[in-house]
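These notes are about the structure you will find just below.
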Protein chains: 4
Amino acid sequence: MGQRNQTISDLVVANHILAMEGILDGFGHVSIRDPQRPDCYLMSRSLAPALVTESDIVQHDLDNNAVLTTDREKKLYYERWIHGEVYKARPEVNAVVHSHSPTVVPFASTNAPLRPLLHNASFLGFGAPVFEIRDHVAHSDLMISTAELGKAMAATLGSAADVVLLRGHGNVVVGPTIQIAVFRAYYTEINARQQLQAMTIGGDSVVYMDAGECETTDKIMRSVAGRPWDLWKAKVAASRA
Amino acid sequence: MGQRNQTISDLVVANHILAMEGILDGFGHVSIRDPQRPDCYLMSRSLAPALVTESDIVQHDLDNNAVLTTDREKKLYYERWIHGEVYKARPEVNAVVHSHSPTVVPFASTNAPLRPLLHNASFLGFGAPVFEIRDHVAHSDLMISTAELGKAMAATLGSAADVVLLRGHGNVVVGPTIQIAVFRAYYTEINARQQLQAMTIGGDSVVYMDAGECETTDKIMRSVAGRPWDLWKAKVAASRA
Amino acid sequence: MGQRNQTISDLVVANHILAMEGILDGFGHVSIRDPQRPDCYLMSRSLAPALVTESDIVQHDLDNNAVLTTDREKKLYYERWIHGEVYKARPEVNAVVHSHSPTVVPFASTNAPLRPLLHNASFLGFGAPVFEIRDHVAHSDLMISTAELGKAMAATLGSAADVVLLRGHGNVVVGPTIQIAVFRAYYTEINARQQLQAMTIGGDSVVYMDAGECETTDKIMRSVAGRPWDLWKAKVAASRA
Amino acid sequence: MGQRNQTISDLVVANHILAMEGILDGFGHVSIRDPQRPDCYLMSRSLAPALVTESDIVQHDLDNNAVLTTDREKKLYYERWIHGEVYKARPEVNAVVHSHSPTVVPFASTNAPLRPLLHNASFLGFGAPVFEIRDHVAHSDLMISTAELGKAMAATLGSAADVVLLRGHGNVVVGPTIQIAVFRAYYTEINARQQLQAMTIGGDSVVYMDAGECETTDKIMRSVAGRPWDLWKAKVAASRA
């Protein structure tokens, strides 16, 4: 398989993994920066992630337009601005997941900060800020549906964090590879569940990872993100056989 | 497929979707206003939703009797009064879901109001009143088993809300189409889960959608309700293949 | 199918339903009073419920011994005393379920009484006492492994309740038919989940069913217990095809 | 099947059971002390547990090196030190499970001690200490990746406990047989869920098993650990058919 075919295949698998694991439902989307053209990214046309196939993948420029003439008729995701603005602001990012990950929404809608509890979620130690759309536009539909909102959201994400929470809506997770971005999207949800439970039983006694632990651990986690990916990929294949 | 066949097919699919997603268990029911006769509605005979087939669909008049002579012997749902009275009171409503959606019951049985937390559930901003049957009849079986109770419940629903909670029992969700009613029934449950979690971690700091956000967002959500419907329909088909 | 064959078939199905729905795990057991000999009951030999087949069913007398010579070599359930003593004490009971139903255990191990929140669980209004084995024997294994403990547990159940909780262990649910006992075992678990959630969001504001509501509702629920039974039976058959 | 083949077959099944039941995800590992050479143990090469097959099993010495020349090229688990040090310190232990069991992590990261609530988890009465890696090394990746950390963790486990919790990470469960270790790993998770729920509804009123009950009950549970094993093994086989 050529590099491009591998990238598109990985992108389809990422959609199916995140749907199978309940991180994405009928909504949400995943993109990869185009390895041949870093000023473009690859993402499905507007479609439920579980239904995405290779022929649905559209090359977008960083202003979120379809590059190819043959794709111009296709309906694109309403919130694709998330992707273009993150790729502009963060050159080291090569994959972006936008989800409504169920247990992350409660953290997006309260003053309880999402913090790194589980070693797999050490990247949360670099920040998990909340984007409050109401600070930018009144009476909105809460969605990132313009370039301005995309830029504001990317500014809240900042240069260090790998996750930004969207109040009343969901979250955006980034990574240097699609495997790492999927790993992080999954463990953001797992950490949220475990943190909620820890707060329930432990109140103020919850012990979070400290900054040094997060830095050390994130390096290891990046290096092992391929292991659950291989497992999830095999499960996806089995469920579709 | 003719319009009537399409309506009946959609109604069967709606039953199967809501059972598959855990919104309906062995009980609950779904109806569509008859597109050819707005003074009638279509709903299964008394049967667990997962088992409903096209031949089980019965045309009911708004007094909840079977219209066709050939259907007169069939056992009808004990709580079909819910449907007739809502269709009488709300001409713009074309679909009704009655469920025992698991996480909504706790909100029906406490003073904690169900409020719009997640953008998909923006319709909750138009109200989610609780119907307390004890205010109408003592020592009841909590079910809407008479025209009087149907009318009282429809009065609690009122002219603006799309959801009414039934204390100790479940809820009723309405929509202009079956796709939107199913979408709302599903996201009422999801919002309830996320609100419960937000209240657990956030106490009084929970941020709900405001009235303007709800109005803007509900318009969008109506327009995209077909996307999860297509996904759920494909999943139902795969699970029955 | 003759009456006896039907009874044994129903008993096997009940085992599989309760395992499929997560009420029973590798432990727990279900029995039916022998319709031809009310001083006997039918129950599997000692086996995980999901694995029970018709050839595993053993006729027990009310002292919990195998009646047939050919069954005398079989290993019987360690806690079969539950069944014999309940059938002795409660002539109107024709089916008994002993489970470790997951969300009922927390109610068995705290001072929070399990109370009827959901109409399907109206039978909880007739009582859900907790059996504290420590009041009868010190340093026990918490199990009902003697006639004396069976009698003490049956005395705690009393003449009115349909459920008794066993501290640190599980619960016992009874009914006039196997369909009603399975219905009650299932909705005991569902009510426990919803009550836990209602207590979390509602504190002291939780509204439970009152005595009159429970009496009225239980009559209806007995009459409709066949509907989820038919659904569950179809699901069990599909999962084993 | 010879004894060695049976051991390896059991080890593969244990991996698949714990993955199927959600105790292990893409990470974690299971080992058995080599029945022919007690100074060695058998464990998969570094691989997601659900994907382990018989050909992946590697004989390790107690310093956690592959014994056979033909295995020297294989990548081994990063945290295999857990196994070697436990087998050195606890001669009666013949099986070790390391998992990130989801509901145990919150207990590892708060001052709420995991205590025996459910009779199946009576072994928790012998202790469930928390290993705080920060007391041994600063800025770590929280993993047991050296002999020193393995020894320190084994010292926290001590001579009596069958479970040690790892802060921010997971837990380690031991047993005299693989069936008992798998049973304990499963019921550690179940007990954690039920204890969390009991603390939610019962606050300080939660009744735990006392020391005498734990001692009596653990003996029984060891003797019946084969029953859920047989059930889980059948479920694994069915899911892979």
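Order determines the names: the first chain of the structure tokens is A, the second B, and so forth; residues in each chain are numbered 1 upward, and ligands are numbered 1 upward as they are shown.
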**OP:** Find the residues in chain C near chain D: any atom within 9 Å counts, using only C-alpha atoms. Write them as number ranges by chain.
**Re:** C: 25-27, 47-51, 102-112, 138-143, 167-170, 196, 199-200
If DSSP is run on the backbone, what residues of chain C are helix (DSSP H, G or I)? A reply as a PDB file with C-alpha atoms, in the first residue's frame would be ideal.
ATOM      1  CA  GLN C   3     -47.047 -29.291  31.180  1.00  0.00           C
ATOM      2  CA  ARG C   4     -43.893 -30.767  32.733  1.00  0.00           C
ATOM      3  CA  ASN C   5     -41.863 -30.217  29.582  1.00  0.00           C
ATOM      4  CA  GLN C   6     -43.161 -26.654  29.414  1.00  0.00           C
ATOM      5  CA  THR C   7     -42.158 -26.047  33.050  1.00  0.00           C
ATOM      6  CA  ILE C   8     -38.646 -27.360  32.483  1.00  0.00           C
ATOM      7  CA  SER C   9     -38.305 -25.387  29.265  1.00  0.00           C
ATOM      8  CA  ASP C  10     -39.425 -22.212  31.069  1.00  0.00           C
ATOM      9  CA  LEU C  11     -36.928 -22.874  33.857  1.00  0.00           C
ATOM     10  CA  VAL C  12     -34.046 -23.194  31.416  1.00  0.00           C
ATOM     11  CA  VAL C  13     -35.150 -20.027  29.599  1.00  0.00           C
ATOM     12  CA  ALA C  14     -35.359 -18.155  32.918  1.00  0.00           C
ATOM     13  CA  ASN C  15     -31.754 -19.084  33.683  1.00  0.00           C
ATOM     14  CA  HIS C  16     -30.618 -17.844  30.290  1.00  0.00           C
ATOM     15  CA  ILE C  17     -32.662 -14.616  30.448  1.00  0.00           C
ATOM     16  CA  LEU C  18     -31.305 -13.628  33.834  1.00  0.00           C
ATOM     17  CA  ALA C  19     -27.721 -14.378  32.744  1.00  0.00           C
ATOM     18  CA  MET C  20     -28.161 -12.434  29.476  1.00  0.00           C
ATOM     19  CA  PRO C  49     -27.005 -20.356  34.969  1.00  0.00           C
ATOM     20  CA  ALA C  50     -26.002 -19.526  31.385  1.00  0.00           C
ATOM     21  CA  LEU C  51     -24.882 -23.133  30.895  1.00  0.00           C
ATOM     22  CA  GLU C  54     -32.966 -29.336  30.364  1.00  0.00           C
ATOM     23  CA  SER C  55     -30.938 -32.407  31.331  1.00  0.00           C
ATOM     24  CA  ASP C  56     -29.442 -30.486  34.272  1.00  0.00           C
ATOM     25  CA  THR C  69     -32.167 -42.018  42.690  1.00  0.00           C
ATOM     26  CA  THR C  70     -30.541 -41.183  39.381  1.00  0.00           C
ATOM     27  CA  ASP C  71     -29.918 -37.605  40.571  1.00  0.00           C
ATOM     28  CA  TRP C  81     -31.780 -24.138  51.352  1.00  0.00           C
ATOM     29  CA  ILE C  82     -33.060 -20.761  50.184  1.00  0.00           C
ATOM     30  CA  HIS C  83     -35.548 -22.477  47.913  1.00  0.00           C
ATOM     31  CA  GLY C  84     -36.873 -25.196  50.207  1.00  0.00           C
ATOM     32  CA  GLU C  85     -37.468 -22.867  53.115  1.00  0.00           C
ATOM     33  CA  VAL C  86     -39.218 -20.228  51.001  1.00  0.00           C
ATOM     34  CA  TYR C  87     -41.520 -22.822  49.428  1.00  0.00           C
ATOM     35  CA  LYS C  88     -42.352 -24.171  52.895  1.00  0.00           C
ATOM     36  CA  ALA C  89     -43.103 -20.736  54.328  1.00  0.00           C
ATOM     37  CA  VAL C 105     -25.804  -5.395  46.812  1.00  0.00           C
ATOM     38  CA  PRO C 106     -25.030  -1.756  47.789  1.00  0.00           C
ATOM     39  CA  PHE C 107     -28.542  -1.431  49.210  1.00  0.00           C
ATOM     40  CA  ALA C 108     -28.019  -4.702  51.105  1.00  0.00           C
ATOM     41  CA  HIS C 119     -43.835   1.533  38.555  1.00  0.00           C
ATOM     42  CA  ASN C 120     -42.461  -1.776  37.265  1.00  0.00           C
ATOM     43  CA  ALA C 121     -40.951  -2.341  40.712  1.00  0.00           C
ATOM     44  CA  SER C 122     -44.150  -1.651  42.665  1.00  0.00           C
ATOM     45  CA  PHE C 123     -43.761  -5.004  44.476  1.00  0.00           C
ATOM     46  CA  LEU C 124     -40.953  -3.360  46.471  1.00  0.00           C
ATOM     47  CA  GLY C 125     -43.722  -1.526  48.288  1.00  0.00           C
ATOM     48  CA  PHE C 126     -44.571  -4.760  50.110  1.00  0.00           C
ATOM     49  CA  ILE C 133     -26.469 -13.096  58.630  1.00  0.00           C
ATOM     50  CA  ARG C 134     -24.162 -11.778  61.357  1.00  0.00           C
ATOM     51  CA  ASP C 135     -27.193 -11.645  63.661  1.00  0.00           C
ATOM     52  CA  ALA C 147     -31.659 -25.272  56.960  1.00  0.00           C
ATOM     53  CA  GLU C 148     -31.401 -22.945  59.970  1.00  0.00           C
ATOM     54  CA  LEU C 149     -30.115 -20.068  57.848  1.00  0.00           C
ATOM     55  CA  GLY C 150     -32.765 -20.784  55.237  1.00  0.00           C
ATOM     56  CA  LYS C 151     -35.481 -20.580  57.891  1.00  0.00           C
ATOM     57  CA  ALA C 152     -34.048 -17.373  59.348  1.00  0.00           C
ATOM     58  CA  MET C 153     -33.867 -15.801  55.904  1.00  0.00           C
ATOM     59  CA  ALA C 154     -37.451 -16.869  55.133  1.00  0.00           C
ATOM     60  CA  ALA C 155     -38.535 -15.332  58.440  1.00  0.00           C
ATOM     61  CA  THR C 156     -36.926 -12.031  57.419  1.00  0.00           C
ATOM     62  CA  LEU C 157     -38.694 -12.196  54.056  1.00  0.00           C
ATOM     63  CA  ILE C 178     -41.642 -17.902  36.840  1.00  0.00           C
ATOM     64  CA  GLN C 179     -42.488 -15.040  34.470  1.00  0.00           C
ATOM     65  CA  ILE C 180     -43.389 -12.773  37.395  1.00  0.00           C
ATOM     66  CA  ALA C 181     -40.333 -13.817  39.432  1.00  0.00           C
ATOM     67  CA  VAL C 182     -38.019 -13.064  36.497  1.00  0.00           C
ATOM     68  CA  PHE C 183     -39.804  -9.750  35.891  1.00  0.00           C
ATOM     69  CA  ARG C 184     -39.310  -8.831  39.549  1.00  0.00           C
ATOM     70  CA  ALA C 185     -35.660  -9.901  39.662  1.00  0.00           C
ATOM     71  CA  TYR C 186     -35.000  -7.723  36.618  1.00  0.00           C
ATOM     72  CA  TYR C 187     -36.872  -4.664  37.865  1.00  0.00           C
ATOM     73  CA  THR C 188     -35.385  -4.938  41.352  1.00  0.00           C
ATOM     74  CA  GLU C 189     -32.045  -4.224  39.669  1.00  0.00           C
ATOM     75  CA  ILE C 190     -33.443  -1.435  37.477  1.00  0.00           C
ATOM     76  CA  ASN C 191     -35.156   0.232  40.451  1.00  0.00           C
ATOM     77  CA  ALA C 192     -31.911   0.032  42.455  1.00  0.00           C
ATOM     78  CA  ARG C 193     -30.020   1.831  39.673  1.00  0.00           C
ATOM     79  CA  GLN C 194     -32.655   4.530  39.341  1.00  0.00           C
ATOM     80  CA  GLN C 195     -32.981   4.971  43.106  1.00  0.00           C
ATOM     81  CA  LEU C 196     -29.212   5.391  43.441  1.00  0.00           C
ATOM     82  CA  GLN C 197     -29.317   8.043  40.722  1.00  0.00           C
ATOM     83  CA  ALA C 198     -32.355   9.764  42.240  1.00  0.00           C
ATOM     84  CA  MET C 199     -30.635   9.895  45.630  1.00  0.00           C
ATOM     85  CA  THR C 200     -27.568  11.408  43.929  1.00  0.00           C
ATOM     86  CA  ILE C 201     -29.440  14.242  42.237  1.00  0.00           C
ATOM     87  CA  GLY C 202     -32.398  14.616  44.556  1.00  0.00           C
ATOM     88  CA  GLY C 203     -31.238  13.943  48.108  1.00  0.00           C
ATOM     89  CA  ASP C 204     -34.287  13.998  50.347  1.00  0.00           C
ATOM     90  CA  SER C 205     -36.644  15.102  47.563  1.00  0.00           C
ATOM     91  CA  ALA C 211     -48.799   2.043  49.442  1.00  0.00           C
ATOM     92  CA  GLY C 212     -51.971   2.499  47.406  1.00  0.00           C
ATOM     93  CA  GLU C 213     -50.049   3.002  44.191  1.00  0.00           C
ATOM     94  CA  CYS C 214     -47.993  -0.125  44.871  1.00  0.00           C
ATOM     95  CA  GLU C 215     -51.061  -2.254  45.471  1.00  0.00           C
ATOM     96  CA  THR C 216     -52.821  -1.061  42.313  1.00  0.00           C
ATOM     97  CA  THR C 217     -49.722  -1.237  40.160  1.00  0.00           C
ATOM     98  CA  ASP C 218     -48.526  -4.676  41.223  1.00  0.00           C
ATOM     99  CA  LYS C 219     -51.780  -6.174  39.963  1.00  0.00           C
ATOM    100  CA  ILE C 220     -51.201  -4.674  36.525  1.00  0.00           C
ATOM    101  CA  MET C 221     -47.561  -5.654  36.438  1.00  0.00           C
ATOM    102  CA  ARG C 222     -48.378  -9.277  37.192  1.00  0.00           C
ATOM    103  CA  SER C 223     -50.729  -9.257  34.232  1.00  0.00           C
ATOM    104  CA  VAL C 224     -48.138  -7.869  31.792  1.00  0.00           C
ATOM    105  CA  GLY C 226     -45.439 -12.020  29.874  1.00  0.00           C
ATOM    106  CA  ARG C 227     -44.545  -9.218  27.479  1.00  0.00           C
ATOM    107  CA  PRO C 228     -40.881  -8.712  28.450  1.00  0.00           C
ATOM    108  CA  TRP C 229     -40.650 -12.490  28.967  1.00  0.00           C
ATOM    109  CA  ASP C 230     -41.554 -13.038  25.303  1.00  0.00           C
ATOM    110  CA  LEU C 231     -39.024 -10.412  24.237  1.00  0.00           C
ATOM    111  CA  TRP C 232     -36.243 -11.821  26.408  1.00  0.00           C
ATOM    112  CA  LYS C 233     -37.023 -15.358  25.275  1.00  0.00           C
ATOM    113  CA  ALA C 234     -36.708 -14.278  21.634  1.00  0.00           C
ATOM    114  CA  LYS C 235     -33.416 -12.515  22.391  1.00  0.00           C
ATOM    115  CA  VAL C 236     -32.040 -15.586  24.163  1.00  0.00           C
ATOM    116  CA  ALA C 237     -33.022 -17.773  21.214  1.00  0.00           C
ATOM    117  CA  ALA C 238     -31.388 -15.366  18.741  1.00  0.00           C
ATOM    118  CA  SER C 239     -28.168 -15.184  20.781  1.00  0.00           C
ATOM    119  CA  ARG C 240     -27.885 -18.983  20.820  1.00  0.00           C
TER     120      ARG C 240
END
**OP:** Grab the CA of His60 (chain A) to CA of Phe131 (chain A) distance for me, in Å with one decimal place.
**Re:**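 Interatomic distance here is 24.4 Å.
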Subject >> strand (DSSP E) residues, from DSSP on the backbone, in region 43-150 of chain A, as a list in words >> reply: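 Filtering region 43-150 of chain A to strand (DSSP E) leaves Met43, Ser44, Ile57, Val58, Gln59, His60, Asp61, Ala95, Val96, Val97, His98, Ser99, Val130 and Phe131 of chain A.
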Let me see the file: selected residues, C-alpha atoms, as a compact mmCIF listing (two decimals), in the first residue's frame.
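In the end it all went to again02.txt:
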# COMPACT_ATOMS: atom_id res chain seq x y z
CA MET A 43 -11.33 14.13 6.35
CA SER A 44 -14.60 12.47 5.41
CA ILE A 57 -12.41 11.06 2.21
CA VAL A 58 -12.02 14.63 0.92
CA GLN A 59 -8.82 16.66 0.73
CA HIS A 60 -9.48 20.03 2.45
CA ASP A 61 -7.26 23.10 2.37
CA ALA A 95 -4.26 14.50 13.52
CA VAL A 96 -7.37 16.02 15.11
CA VAL A 97 -10.39 14.30 16.71
CA HIS A 98 -13.59 16.19 17.49
CA SER A 99 -15.97 14.17 19.63
CA VAL A 130 -12.60 24.92 28.48
CA PHE A 131 -13.74 26.96 25.49
